[in-house]
file start01.cif (mmCIF, N, CA and C atoms)
data_final
loop_
_atom_site.label_atom_id
_atom_site.label_comp_id
_atom_site.auth_asym_id
_atom_site.auth_seq_id
_atom_site.Cartn_x
_atom_site.Cartn_y
_atom_site.Cartn_z
N MET A 1 -31.63 23.65 -25.68
CA MET A 1 -32.19 22.40 -25.22
C MET A 1 -33.51 22.63 -24.48
N GLN A 2 -33.65 23.77 -23.83
CA GLN A 2 -34.90 24.04 -23.11
C GLN A 2 -36.08 24.17 -24.07
N THR A 3 -35.81 24.69 -25.26
CA THR A 3 -36.88 24.80 -26.25
C THR A 3 -37.45 23.42 -26.57
N MET A 4 -36.58 22.45 -26.71
CA MET A 4 -37.03 21.09 -27.01
C MET A 4 -37.79 20.50 -25.82
N ARG A 5 -37.33 20.74 -24.63
CA ARG A 5 -38.03 20.22 -23.44
C ARG A 5 -39.43 20.80 -23.34
N ILE A 6 -39.54 22.10 -23.56
CA ILE A 6 -40.85 22.75 -23.51
C ILE A 6 -41.75 22.19 -24.61
N THR A 7 -41.20 22.02 -25.79
CA THR A 7 -41.99 21.48 -26.90
C THR A 7 -42.50 20.09 -26.59
N PHE A 8 -41.63 19.23 -26.08
CA PHE A 8 -42.06 17.87 -25.75
C PHE A 8 -43.09 17.88 -24.62
N LEU A 9 -42.95 18.78 -23.67
CA LEU A 9 -43.92 18.89 -22.59
C LEU A 9 -45.29 19.30 -23.14
N VAL A 10 -45.31 20.34 -23.96
CA VAL A 10 -46.59 20.81 -24.54
C VAL A 10 -47.18 19.74 -25.44
N PHE A 11 -46.35 19.12 -26.26
CA PHE A 11 -46.85 18.08 -27.16
C PHE A 11 -47.39 16.89 -26.36
N GLY A 12 -46.70 16.53 -25.29
CA GLY A 12 -47.19 15.44 -24.43
C GLY A 12 -48.51 15.77 -23.78
N LEU A 13 -48.67 17.02 -23.35
CA LEU A 13 -49.95 17.45 -22.77
C LEU A 13 -51.07 17.37 -23.81
N LEU A 14 -50.77 17.76 -25.03
CA LEU A 14 -51.78 17.69 -26.09
C LEU A 14 -52.16 16.24 -26.41
N VAL A 15 -51.18 15.38 -26.48
CA VAL A 15 -51.47 13.97 -26.77
C VAL A 15 -52.29 13.37 -25.63
N SER A 16 -51.90 13.69 -24.40
CA SER A 16 -52.65 13.17 -23.24
C SER A 16 -54.07 13.72 -23.22
N SER A 17 -54.22 14.99 -23.51
CA SER A 17 -55.56 15.59 -23.46
C SER A 17 -56.45 15.07 -24.58
N SER A 18 -55.86 14.53 -25.62
CA SER A 18 -56.68 14.01 -26.71
C SER A 18 -57.46 12.76 -26.30
N THR A 19 -57.11 12.15 -25.19
CA THR A 19 -57.83 10.97 -24.71
C THR A 19 -59.01 11.34 -23.81
N LEU A 20 -59.14 12.61 -23.48
CA LEU A 20 -60.24 13.04 -22.61
C LEU A 20 -61.57 12.98 -23.36
N PRO A 21 -62.67 12.80 -22.61
CA PRO A 21 -63.99 12.83 -23.27
C PRO A 21 -64.22 14.19 -23.92
N ARG A 22 -64.87 14.20 -25.02
CA ARG A 22 -65.20 15.42 -25.77
C ARG A 22 -63.97 16.16 -26.31
N ALA A 23 -62.85 15.49 -26.39
CA ALA A 23 -61.64 16.13 -26.91
C ALA A 23 -61.79 16.45 -28.40
N ARG A 24 -62.59 15.66 -29.08
CA ARG A 24 -62.76 15.87 -30.52
C ARG A 24 -63.41 17.21 -30.85
N GLN A 25 -64.15 17.78 -29.91
CA GLN A 25 -64.80 19.06 -30.19
C GLN A 25 -63.79 20.18 -30.36
N PHE A 26 -62.56 19.98 -29.92
CA PHE A 26 -61.54 21.02 -30.02
C PHE A 26 -60.67 20.89 -31.27
N ILE A 27 -60.97 19.91 -32.09
CA ILE A 27 -60.21 19.76 -33.33
C ILE A 27 -60.77 20.73 -34.36
N ASN A 28 -59.93 21.66 -34.74
CA ASN A 28 -60.29 22.62 -35.79
C ASN A 28 -59.01 23.01 -36.52
N VAL A 29 -59.11 23.90 -37.47
CA VAL A 29 -57.96 24.26 -38.29
C VAL A 29 -56.84 24.87 -37.43
N PHE A 30 -57.19 25.59 -36.37
CA PHE A 30 -56.17 26.23 -35.53
C PHE A 30 -55.41 25.21 -34.68
N THR A 31 -56.14 24.28 -34.08
CA THR A 31 -55.45 23.28 -33.26
C THR A 31 -54.61 22.34 -34.12
N ILE A 32 -55.10 22.02 -35.31
CA ILE A 32 -54.31 21.18 -36.21
C ILE A 32 -53.05 21.92 -36.64
N ALA A 33 -53.20 23.19 -36.99
CA ALA A 33 -52.02 23.99 -37.37
C ALA A 33 -51.06 24.11 -36.19
N GLY A 34 -51.57 24.23 -34.99
CA GLY A 34 -50.72 24.30 -33.81
C GLY A 34 -49.93 23.03 -33.59
N VAL A 35 -50.59 21.89 -33.76
CA VAL A 35 -49.89 20.61 -33.60
C VAL A 35 -48.83 20.44 -34.69
N VAL A 36 -49.15 20.83 -35.91
CA VAL A 36 -48.17 20.76 -37.01
C VAL A 36 -46.98 21.67 -36.70
N ALA A 37 -47.24 22.87 -36.18
CA ALA A 37 -46.16 23.78 -35.82
C ALA A 37 -45.29 23.18 -34.71
N LEU A 38 -45.90 22.49 -33.77
CA LEU A 38 -45.12 21.84 -32.71
C LEU A 38 -44.27 20.70 -33.26
N LEU A 39 -44.81 19.95 -34.21
CA LEU A 39 -44.02 18.90 -34.85
C LEU A 39 -42.85 19.49 -35.63
N LEU A 40 -43.09 20.60 -36.32
CA LEU A 40 -42.00 21.29 -37.01
C LEU A 40 -40.97 21.83 -36.03
N THR A 41 -41.43 22.25 -34.85
CA THR A 41 -40.51 22.70 -33.81
C THR A 41 -39.57 21.57 -33.42
N ILE A 42 -40.11 20.38 -33.26
CA ILE A 42 -39.28 19.22 -32.90
C ILE A 42 -38.26 18.94 -34.00
N LEU A 43 -38.70 18.95 -35.26
CA LEU A 43 -37.77 18.69 -36.36
C LEU A 43 -36.69 19.76 -36.45
N LEU A 44 -37.09 21.02 -36.35
CA LEU A 44 -36.11 22.11 -36.39
C LEU A 44 -35.16 22.06 -35.20
N GLY A 45 -35.70 21.69 -34.04
CA GLY A 45 -34.86 21.58 -32.85
C GLY A 45 -33.81 20.50 -33.01
N LEU A 46 -34.21 19.36 -33.57
CA LEU A 46 -33.24 18.29 -33.82
C LEU A 46 -32.17 18.74 -34.81
N LEU A 47 -32.60 19.46 -35.84
CA LEU A 47 -31.65 19.98 -36.82
C LEU A 47 -30.71 21.00 -36.17
N THR A 48 -31.25 21.85 -35.33
CA THR A 48 -30.45 22.88 -34.66
C THR A 48 -29.36 22.25 -33.81
N TYR A 49 -29.73 21.28 -33.01
CA TYR A 49 -28.76 20.71 -32.09
C TYR A 49 -27.82 19.72 -32.76
N SER A 50 -28.23 19.14 -33.89
CA SER A 50 -27.32 18.24 -34.59
C SER A 50 -26.36 19.01 -35.49
N ALA A 51 -26.71 20.25 -35.85
CA ALA A 51 -25.85 21.07 -36.70
C ALA A 51 -24.66 21.61 -35.93
N SER A 52 -24.73 21.61 -34.62
CA SER A 52 -23.64 22.14 -33.81
C SER A 52 -22.49 21.15 -33.77
N ASP A 53 -21.35 21.63 -34.14
CA ASP A 53 -20.13 20.84 -34.05
C ASP A 53 -19.01 21.80 -33.66
N PRO A 54 -19.05 22.26 -32.42
CA PRO A 54 -18.08 23.29 -32.03
C PRO A 54 -16.65 22.75 -31.98
N ASP A 55 -15.75 23.60 -32.36
CA ASP A 55 -14.32 23.33 -32.25
C ASP A 55 -13.81 24.28 -31.19
N PHE A 56 -13.29 23.75 -30.13
CA PHE A 56 -12.97 24.58 -28.97
C PHE A 56 -11.58 25.18 -29.03
N GLY A 57 -11.22 25.70 -30.17
CA GLY A 57 -9.95 26.41 -30.28
C GLY A 57 -8.85 25.56 -30.87
N ALA A 58 -7.70 26.16 -30.91
CA ALA A 58 -6.53 25.45 -31.42
C ALA A 58 -6.20 24.32 -30.46
N GLY A 59 -6.23 23.12 -30.94
CA GLY A 59 -6.00 21.96 -30.09
C GLY A 59 -4.52 21.69 -29.88
N PRO A 60 -4.23 20.68 -29.10
CA PRO A 60 -2.83 20.37 -28.79
C PRO A 60 -2.01 20.00 -30.03
N ASN A 61 -2.62 19.34 -31.00
CA ASN A 61 -1.87 18.97 -32.21
C ASN A 61 -1.46 20.21 -33.00
N TYR A 62 -2.38 21.18 -33.11
CA TYR A 62 -2.05 22.42 -33.82
C TYR A 62 -0.91 23.14 -33.12
N LEU A 63 -1.00 23.27 -31.81
CA LEU A 63 0.04 23.97 -31.06
C LEU A 63 1.38 23.22 -31.13
N LEU A 64 1.32 21.89 -31.12
CA LEU A 64 2.54 21.10 -31.24
C LEU A 64 3.19 21.32 -32.60
N ASP A 65 2.37 21.34 -33.67
CA ASP A 65 2.90 21.60 -35.01
C ASP A 65 3.55 22.97 -35.09
N VAL A 66 2.91 23.96 -34.48
CA VAL A 66 3.48 25.31 -34.49
C VAL A 66 4.81 25.33 -33.75
N ARG A 67 4.87 24.65 -32.59
CA ARG A 67 6.12 24.64 -31.81
C ARG A 67 7.23 23.88 -32.52
N ARG A 68 6.89 22.81 -33.21
CA ARG A 68 7.89 21.98 -33.88
C ARG A 68 8.37 22.59 -35.20
N GLY A 69 7.59 23.49 -35.73
CA GLY A 69 7.99 24.12 -36.99
C GLY A 69 9.25 24.94 -36.81
N SER A 70 9.97 25.11 -37.90
CA SER A 70 11.21 25.88 -37.81
C SER A 70 10.91 27.35 -38.13
N TYR A 71 10.22 27.98 -37.21
CA TYR A 71 9.82 29.37 -37.39
C TYR A 71 10.68 30.26 -36.49
N ASP A 72 10.95 31.45 -36.99
CA ASP A 72 11.51 32.42 -36.05
C ASP A 72 10.34 32.99 -35.26
N GLU A 73 10.61 33.85 -34.33
CA GLU A 73 9.55 34.32 -33.42
C GLU A 73 8.41 35.03 -34.17
N ALA A 74 8.75 35.86 -35.16
CA ALA A 74 7.73 36.59 -35.91
C ALA A 74 6.86 35.64 -36.73
N GLU A 75 7.51 34.66 -37.39
CA GLU A 75 6.74 33.68 -38.17
C GLU A 75 5.86 32.83 -37.27
N TRP A 76 6.40 32.40 -36.14
CA TRP A 76 5.65 31.59 -35.18
C TRP A 76 4.40 32.33 -34.72
N PHE A 77 4.57 33.60 -34.39
CA PHE A 77 3.44 34.41 -33.95
C PHE A 77 2.41 34.55 -35.07
N ALA A 78 2.87 34.78 -36.30
CA ALA A 78 1.95 34.93 -37.44
C ALA A 78 1.16 33.65 -37.69
N VAL A 79 1.82 32.49 -37.63
CA VAL A 79 1.14 31.21 -37.84
C VAL A 79 0.11 30.98 -36.73
N LEU A 80 0.50 31.27 -35.50
CA LEU A 80 -0.39 31.07 -34.36
C LEU A 80 -1.63 31.98 -34.47
N VAL A 81 -1.39 33.25 -34.76
CA VAL A 81 -2.51 34.19 -34.88
C VAL A 81 -3.41 33.82 -36.06
N HIS A 82 -2.82 33.40 -37.16
CA HIS A 82 -3.62 32.99 -38.32
C HIS A 82 -4.52 31.81 -37.96
N GLY A 83 -3.99 30.86 -37.21
CA GLY A 83 -4.80 29.72 -36.76
C GLY A 83 -5.97 30.15 -35.90
N TYR A 84 -5.72 31.07 -34.99
CA TYR A 84 -6.79 31.58 -34.14
C TYR A 84 -7.81 32.38 -34.94
N GLU A 85 -7.35 33.14 -35.93
CA GLU A 85 -8.29 33.89 -36.79
C GLU A 85 -9.24 32.93 -37.50
N ASN A 86 -8.68 31.85 -38.05
CA ASN A 86 -9.53 30.87 -38.74
C ASN A 86 -10.52 30.23 -37.78
N TRP A 87 -10.06 29.87 -36.59
CA TRP A 87 -10.94 29.25 -35.61
C TRP A 87 -12.07 30.21 -35.22
N ILE A 88 -11.75 31.46 -34.96
CA ILE A 88 -12.77 32.45 -34.58
C ILE A 88 -13.78 32.63 -35.71
N ARG A 89 -13.30 32.71 -36.94
CA ARG A 89 -14.21 32.88 -38.09
C ARG A 89 -15.16 31.67 -38.21
N GLU A 90 -14.62 30.47 -38.06
CA GLU A 90 -15.46 29.26 -38.14
C GLU A 90 -16.50 29.24 -37.03
N MET A 91 -16.12 29.64 -35.83
CA MET A 91 -17.07 29.65 -34.71
C MET A 91 -18.15 30.72 -34.90
N GLU A 92 -17.78 31.86 -35.49
CA GLU A 92 -18.79 32.88 -35.77
C GLU A 92 -19.81 32.38 -36.77
N GLU A 93 -19.35 31.68 -37.80
CA GLU A 93 -20.27 31.12 -38.80
C GLU A 93 -21.17 30.07 -38.17
N LEU A 94 -20.62 29.21 -37.33
CA LEU A 94 -21.41 28.20 -36.65
C LEU A 94 -22.44 28.84 -35.74
N ASN A 95 -22.03 29.84 -34.99
CA ASN A 95 -22.96 30.53 -34.08
C ASN A 95 -24.06 31.25 -34.85
N ASP A 96 -23.72 31.87 -35.97
CA ASP A 96 -24.75 32.55 -36.79
C ASP A 96 -25.79 31.55 -37.28
N GLY A 97 -25.34 30.41 -37.78
CA GLY A 97 -26.27 29.39 -38.25
C GLY A 97 -27.13 28.84 -37.13
N ASN A 98 -26.52 28.59 -35.98
CA ASN A 98 -27.29 28.08 -34.84
C ASN A 98 -28.30 29.10 -34.35
N ALA A 99 -27.91 30.37 -34.32
CA ALA A 99 -28.84 31.41 -33.88
C ALA A 99 -30.05 31.49 -34.81
N ARG A 100 -29.80 31.39 -36.10
CA ARG A 100 -30.91 31.44 -37.07
C ARG A 100 -31.85 30.24 -36.88
N LEU A 101 -31.28 29.04 -36.77
CA LEU A 101 -32.10 27.85 -36.58
C LEU A 101 -32.86 27.88 -35.26
N LEU A 102 -32.21 28.36 -34.21
CA LEU A 102 -32.87 28.44 -32.91
C LEU A 102 -34.01 29.46 -32.94
N THR A 103 -33.82 30.55 -33.67
CA THR A 103 -34.89 31.54 -33.82
C THR A 103 -36.10 30.93 -34.52
N TYR A 104 -35.86 30.16 -35.59
CA TYR A 104 -36.96 29.48 -36.28
C TYR A 104 -37.65 28.49 -35.35
N THR A 105 -36.85 27.73 -34.60
CA THR A 105 -37.40 26.73 -33.69
C THR A 105 -38.29 27.38 -32.65
N GLN A 106 -37.81 28.45 -32.04
CA GLN A 106 -38.59 29.12 -31.00
C GLN A 106 -39.81 29.83 -31.58
N SER A 107 -39.70 30.31 -32.80
CA SER A 107 -40.85 30.93 -33.45
C SER A 107 -41.96 29.90 -33.70
N PHE A 108 -41.58 28.72 -34.18
CA PHE A 108 -42.58 27.68 -34.39
C PHE A 108 -43.18 27.21 -33.07
N LEU A 109 -42.38 27.18 -32.01
CA LEU A 109 -42.92 26.81 -30.70
C LEU A 109 -43.95 27.83 -30.24
N GLY A 110 -43.61 29.10 -30.32
CA GLY A 110 -44.56 30.16 -29.94
C GLY A 110 -45.80 30.13 -30.81
N GLY A 111 -45.61 29.94 -32.09
CA GLY A 111 -46.75 29.86 -33.00
C GLY A 111 -47.62 28.66 -32.73
N GLY A 112 -47.00 27.53 -32.46
CA GLY A 112 -47.76 26.30 -32.16
C GLY A 112 -48.58 26.44 -30.91
N ILE A 113 -48.00 27.00 -29.86
CA ILE A 113 -48.74 27.20 -28.60
C ILE A 113 -49.88 28.19 -28.82
N THR A 114 -49.58 29.28 -29.53
CA THR A 114 -50.60 30.30 -29.78
C THR A 114 -51.75 29.75 -30.61
N LEU A 115 -51.44 29.05 -31.69
CA LEU A 115 -52.49 28.49 -32.54
C LEU A 115 -53.34 27.46 -31.79
N THR A 116 -52.69 26.62 -31.02
CA THR A 116 -53.43 25.61 -30.27
C THR A 116 -54.34 26.26 -29.24
N ALA A 117 -53.81 27.22 -28.51
CA ALA A 117 -54.62 27.92 -27.51
C ALA A 117 -55.78 28.66 -28.17
N PHE A 118 -55.53 29.30 -29.30
CA PHE A 118 -56.60 30.01 -30.01
C PHE A 118 -57.66 29.03 -30.50
N GLY A 119 -57.22 27.87 -30.99
CA GLY A 119 -58.17 26.85 -31.44
C GLY A 119 -59.06 26.36 -30.32
N VAL A 120 -58.50 26.20 -29.13
CA VAL A 120 -59.30 25.79 -27.97
C VAL A 120 -60.26 26.90 -27.59
N LEU A 121 -59.77 28.14 -27.57
CA LEU A 121 -60.64 29.28 -27.20
C LEU A 121 -61.80 29.45 -28.18
N VAL A 122 -61.54 29.24 -29.46
CA VAL A 122 -62.61 29.35 -30.45
C VAL A 122 -63.74 28.38 -30.14
N GLU A 123 -63.39 27.18 -29.71
CA GLU A 123 -64.42 26.19 -29.41
C GLU A 123 -65.09 26.43 -28.05
N VAL A 124 -64.36 27.01 -27.11
CA VAL A 124 -64.94 27.27 -25.79
C VAL A 124 -65.86 28.46 -25.83
N LEU A 125 -65.47 29.48 -26.55
CA LEU A 125 -66.28 30.71 -26.58
C LEU A 125 -67.27 30.62 -27.67
#
call {"tool": "encode", "arguments": {"input": "start01.cif", "output": "C-alpha cells"}}
result
Amino acid sequence: MQTMRITFLVFGLLVSSSTLPRARQFINVFTIAGVVALLLTILLGLLTYSASDPDFGAGPNYLLDVRRGSYDEAEWFAVLVHGYENWIREMEELNDGNARLLTYTQSFLGGGITLTAFGVLVEVL
C-alpha cells in the first residue's frame, strides 16, 4: 500500500508543478516516459492489491466437517493435515503472484521517478 501512496504523492506533485510558469520547458521524452511509468505503476498497484484474496486457514466450517465426519483418529488427522497442506499451497501461490506484481509495481515507480528526474535535469543543465 505504501507504494501506491508514494506513487500518488509523486504524481500529485507532478500535476501540481505542471501549473507553474515555464513548466512546459520540462516536457521532453524522459519526463513523458516518467509520467507514463507512474501511470503504469498505479494500474499495476491496483491489480496487485485487487489480486489478493487471502484465505486465513482452515475455517470453522472445515473444522466442523472434520469433527462431524466418522473418522478414526488416524483418518481424522490425515484429513486435517491434507486440508492444511492445500491451504498452505494456495497461500504460497498467492504470495508468489503478489510478490511478482509488487516487484513490477515498485520497478515502474523507481523508473518513473528516475526518468522524470532525469528529464528535468536534462532541461536544467
call {"tool": "atom_distance", "arguments": {"input": "start01.cif", "atom1": "atom N of Ile88 of chain A", "atom2": "atom N of Met4 of chain A"}}
result
27.7 Å
call {"tool": "atom_distance", "arguments": {"input": "start01.cif", "atom1": "atom CA of Glu85 of chain A", "atom2": "atom CA of Gly69 of chain A"}}
result
19.0 Å
call {"tool": "residues_around", "arguments": {"input": "start01.cif", "residues": "Phe30 of chain A", "least_positions_apart": "5", "cutoff": "6.5 Å", "atoms": "all atoms listed in the file", "output": "PDB file with N, CA and C atoms, keeping the file's coordinate frame"}}
result
ATOM      1  N   VAL A  35     -50.590  21.890 -33.760  1.00  0.00           N
ATOM      2  CA  VAL A  35     -49.890  20.610 -33.600  1.00  0.00           C
ATOM      3  C   VAL A  35     -48.830  20.440 -34.690  1.00  0.00           C
ATOM      4  N   LEU A 115     -51.440  29.050 -31.690  1.00  0.00           N
ATOM      5  CA  LEU A 115     -52.490  28.490 -32.540  1.00  0.00           C
ATOM      6  C   LEU A 115     -53.340  27.460 -31.790  1.00  0.00           C
ATOM      7  N   THR A 116     -52.690  26.620 -31.020  1.00  0.00           N
ATOM      8  CA  THR A 116     -53.430  25.610 -30.270  1.00  0.00           C
ATOM      9  C   THR A 116     -54.340  26.260 -29.240  1.00  0.00           C
ATOM     10  N   PHE A 118     -55.530  29.300 -29.300  1.00  0.00           N
ATOM     11  CA  PHE A 118     -56.600  30.010 -30.010  1.00  0.00           C
ATOM     12  C   PHE A 118     -57.660  29.030 -30.500  1.00  0.00           C
ATOM     13  N   GLY A 119     -57.220  27.870 -30.990  1.00  0.00           N
ATOM     14  CA  GLY A 119     -58.170  26.850 -31.440  1.00  0.00           C
ATOM     15  C   GLY A 119     -59.060  26.360 -30.320  1.00  0.00           C
ATOM     16  N   VAL A 120     -58.500  26.200 -29.130  1.00  0.00           N
ATOM     17  CA  VAL A 120     -59.300  25.790 -27.970  1.00  0.00           C
ATOM     18  C   VAL A 120     -60.260  26.900 -27.590  1.00  0.00           C
TER      19      VAL A 120
END
call {"tool": "resolve_selection", "arguments": {"input": "start01.cif", "expression": "the PyMOL selection byres (((chain A and resi 106-112 and name CA) around 12) and name CA)", "output": "VMD selection string"}}
result
chain A and resid 1 to 11 14 30 to 45 48 98 to 105 113 to 119
call {"tool": "select_by_dssp", "arguments": {"input": "start01.cif", "residues": "chain A", "states": "alpha helix (DSSP H)", "output": "number ranges by chain"}}
result
A: 2-17, 29-51, 60-68, 73-124
call {"tool": "decode", "arguments": {"input": "start01.cif", "residues": "segment 90-123 of chain A", "atoms": "C-alpha atoms", "output": "CSV table (one decimal), in the first residue's frame"}}
result
chain,number,residue,atom,x,y,z
A,90,GLU,CA,-2.7,-22.0,-2.1
A,91,MET,CA,-1.2,-19.2,0.1
A,92,GLU,CA,2.3,-19.9,-1.4
A,93,GLU,CA,0.9,-19.4,-4.9
A,94,LEU,CA,-0.9,-16.3,-3.9
A,95,ASN,CA,2.2,-14.8,-2.2
A,96,ASP,CA,4.3,-15.7,-5.3
A,97,GLY,CA,1.9,-13.9,-7.6
A,98,ASN,CA,1.7,-10.9,-5.3
A,99,ALA,CA,5.5,-10.7,-4.9
A,100,ARG,CA,5.9,-10.7,-8.7
A,101,LEU,CA,3.3,-8.0,-9.2
A,102,LEU,CA,4.6,-5.9,-6.4
A,103,THR,CA,8.1,-6.1,-7.8
A,104,TYR,CA,6.8,-4.9,-11.2
A,105,THR,CA,4.9,-2.1,-9.5
A,106,GLN,CA,7.9,-0.9,-7.5
A,107,SER,CA,10.2,-1.1,-10.5
A,108,PHE,CA,7.8,1.1,-12.5
A,109,LEU,CA,7.7,3.5,-9.6
A,110,GLY,CA,11.5,3.7,-9.4
A,111,GLY,CA,11.8,4.0,-13.2
A,112,GLY,CA,9.1,6.7,-13.3
A,113,ILE,CA,10.8,8.8,-10.7
A,114,THR,CA,14.2,8.3,-12.3
A,115,LEU,CA,13.0,9.2,-15.8
A,116,THR,CA,11.1,12.2,-14.6
A,117,ALA,CA,14.1,13.5,-12.6
A,118,PHE,CA,16.5,12.9,-15.5
A,119,GLY,CA,14.1,14.7,-17.8
A,120,VAL,CA,14.1,17.7,-15.5
A,121,LEU,CA,17.9,17.6,-15.2
A,122,VAL,CA,18.3,17.5,-18.9
A,123,GLU,CA,16.4,20.7,-19.2
